[in-house]
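Asker: Just passing along the structure, written as structure tokens.
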Amino acid sequence: MSNLEQKALALNQRLRPLGRTLVAYSGGTDSAFLAWAAHNVLGEDMLAVIADSASLARFQLEDAVAFAHEQHIPLEILRTNEFDRPDYVRNDGRRCFHCKDELFTIMEAFGKERAFETIAYGVNVDDKGDFRPGQTAAVQHHVAAPLLEAGLTKADVRELSRRAGLRIWDKPASACLSSRIEYGRPVTLEALSAVEEGEDALRRLGFRQFRVRHHGEIARIEIAPDELARALTPEMAAEFTRAFKALGFKFVTLDLEGFRSGSMNALLPAEQLIMNGTLGD
């Protein structure tokens, strides 16, 4: 038995004892694979839960719902109210903690009403080496982490998804729209709308992996390195300028380092990364 097959077996062994389980589901590769695996193991004793709020792009919501339907995974859409939390709107280095705290609080109340025993989410081994304050909220709410406990990396999850014939195996990484706004700039509906419309424009232009980073009057566009050459043309520069100035940005920039997850974290001091994240673990 290969190492990957052993990890897949370990995942199933960790899912079985969870009992009636809610899976925090976003439609990304990790949570989608976890929802699929949990449904295979637990059957009707699992339910995928997706949190709907202004920070979730409509494109991502629609795709997440479609995948759940394709795989016959039971799904519930719950409304979360993180925008009612001043600490979230303030958008400091702990924004993700407040978001996940809201999510797990809502899921706990929902689970209690429906007699669910466990909440699980799709954190993997690679996530432990990144700055993710939401993991602190998961620990405080006693949320199970089956992928992590089974030793699965992001590459493992993608490969197992590919072998299972799941179309999300190579889905580009994504995150909530609020993560696009520079720390210290309040999260507003207007800013989220500008980011979402900007990323929709990039998608229509044929780009696959990208981010629109909101720096007030400046839009900083990140494009995956293997797609960057197509972005670095006068014709594409004109398209970017037209699209983003129409959204209210005064300056439109293309980041020459290309797409990289969590690039906003470079603005945080090292001591905050260690205190609020996982880098010191």
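FYI, nothing fancy with the structure tokens labels: chains A, B, ... in order, residues from 1 per chain, ligands from 1 as they appear.
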Give me the range 45-129 of chain A side of the contact with range 14-27 of chain A, cut-off 6 Å, one line per residue showing its nearest atom pair and distance in Å at one decimal, counting only C-alpha atoms, sorted by chain and residue number, as a Markdown table.

Answerer:
```
| residue | atom | partner | partner_atom | distance |
| --- | --- | --- | --- | --- |
| A:Asp45 | CA | A:Arg20 | CA | 4.5 |
| A:Met46 | CA | A:Thr21 | CA | 4.7 |
| A:Leu47 | CA | A:Leu22 | CA | 5.0 |
| A:Ala48 | CA | A:Val23 | CA | 4.7 |
| A:Val49 | CA | A:Ala24 | CA | 5.3 |
| A:Ile50 | CA | A:Tyr25 | CA | 4.9 |
| A:Ala64 | CA | A:Gly27 | CA | 4.1 |
| A:Phe116 | CA | A:Arg20 | CA | 4.8 |
| A:Glu117 | CA | A:Arg20 | CA | 5.3 |
| A:Thr118 | CA | A:Thr21 | CA | 4.6 |
| A:Ile119 | CA | A:Leu22 | CA | 4.8 |
| A:Ala120 | CA | A:Val23 | CA | 4.9 |
| A:Tyr121 | CA | A:Ala24 | CA | 5.1 |
```

Asker: Take the residues from that selection and write them out as a tab-separated table (two decimals), in the first residue's frame, keeping N, CA, C and O atoms.

Answerer:
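Output contents, as saved in again-v5.tsv:
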```
chain	number	residue	atom	x	y	z
A	45	ASP	N	-25.45	10.78	7.88
A	45	ASP	CA	-25.02	11.37	9.15
A	45	ASP	C	-24.06	12.54	8.94
A	45	ASP	O	-23.39	12.98	9.87
A	46	MET	N	-23.97	13.04	7.69
A	46	MET	CA	-23.16	14.24	7.46
A	46	MET	C	-23.99	15.26	6.70
A	46	MET	O	-24.93	14.93	5.98
A	47	LEU	N	-23.61	16.52	6.88
A	47	LEU	CA	-24.25	17.61	6.17
A	47	LEU	C	-23.20	18.68	5.91
A	47	LEU	O	-22.52	19.13	6.84
A	48	ALA	N	-23.06	19.07	4.65
A	48	ALA	CA	-22.15	20.17	4.31
A	48	ALA	C	-22.87	21.48	4.58
A	48	ALA	O	-24.05	21.63	4.27
A	49	VAL	N	-22.14	22.43	5.16
A	49	VAL	CA	-22.70	23.74	5.49
A	49	VAL	C	-21.84	24.81	4.85
A	49	VAL	O	-20.63	24.87	5.09
A	50	ILE	N	-22.45	25.64	4.02
A	50	ILE	CA	-21.72	26.75	3.42
A	50	ILE	C	-22.23	28.06	4.01
A	50	ILE	O	-23.45	28.25	4.16
A	64	ALA	N	-19.86	26.05	-5.69
A	64	ALA	CA	-19.90	25.15	-4.54
A	64	ALA	C	-21.23	24.40	-4.48
A	64	ALA	O	-21.26	23.19	-4.22
A	116	PHE	N	-26.57	17.28	15.66
A	116	PHE	CA	-25.26	16.91	15.14
A	116	PHE	C	-24.25	16.94	16.28
A	116	PHE	O	-24.32	17.78	17.17
A	117	GLU	N	-23.30	16.03	16.22
A	117	GLU	CA	-22.34	15.88	17.31
A	117	GLU	C	-21.01	16.61	17.06
A	117	GLU	O	-20.32	16.99	18.01
A	118	THR	N	-20.65	16.75	15.79
A	118	THR	CA	-19.29	17.20	15.45
A	118	THR	C	-19.33	18.23	14.34
A	118	THR	O	-20.20	18.18	13.46
A	119	ILE	N	-18.39	19.16	14.39
A	119	ILE	CA	-18.11	20.05	13.26
A	119	ILE	C	-16.70	19.73	12.77
A	119	ILE	O	-15.78	19.56	13.57
A	120	ALA	N	-16.54	19.64	11.46
A	120	ALA	CA	-15.22	19.36	10.87
A	120	ALA	C	-14.92	20.39	9.80
A	120	ALA	O	-15.84	20.93	9.16
A	121	TYR	N	-13.63	20.67	9.60
A	121	TYR	CA	-13.25	21.59	8.52
A	121	TYR	C	-12.00	21.09	7.82
A	121	TYR	O	-11.33	20.17	8.28
```

Asker: Give me the residues within 7 Å of Val252 in chain A as a VMD selection string, counting only C-alpha atoms and dropping any in the same chain fewer than 5 places off.

Answerer: chain A and resid 218 to 220 241 244

Asker: Nearest to Gln6 in chain A among A:Glu217, A:Glu102, A:Glu196, A:Asp156, with distances taken over only C-alpha atoms: which residue is it?

Answerer: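 Among the listed residues, the smallest separation from Gln6 in chain A belongs to A:Asp156.
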
Asker: For Asp30 in chain A, which of A:Ser193, A:Ser174, A:Ser261, A:Thr188 is the closest residue, counting only C-alpha atoms?

Answerer: A:Ser174

Asker: Please extract the residues of range 26-88 of chain A with a backbone DSSP assignment of alpha helix (DSSP H) and present them as a ChimeraX atom specification.

Answerer: /A:29-42,58-70,86-88
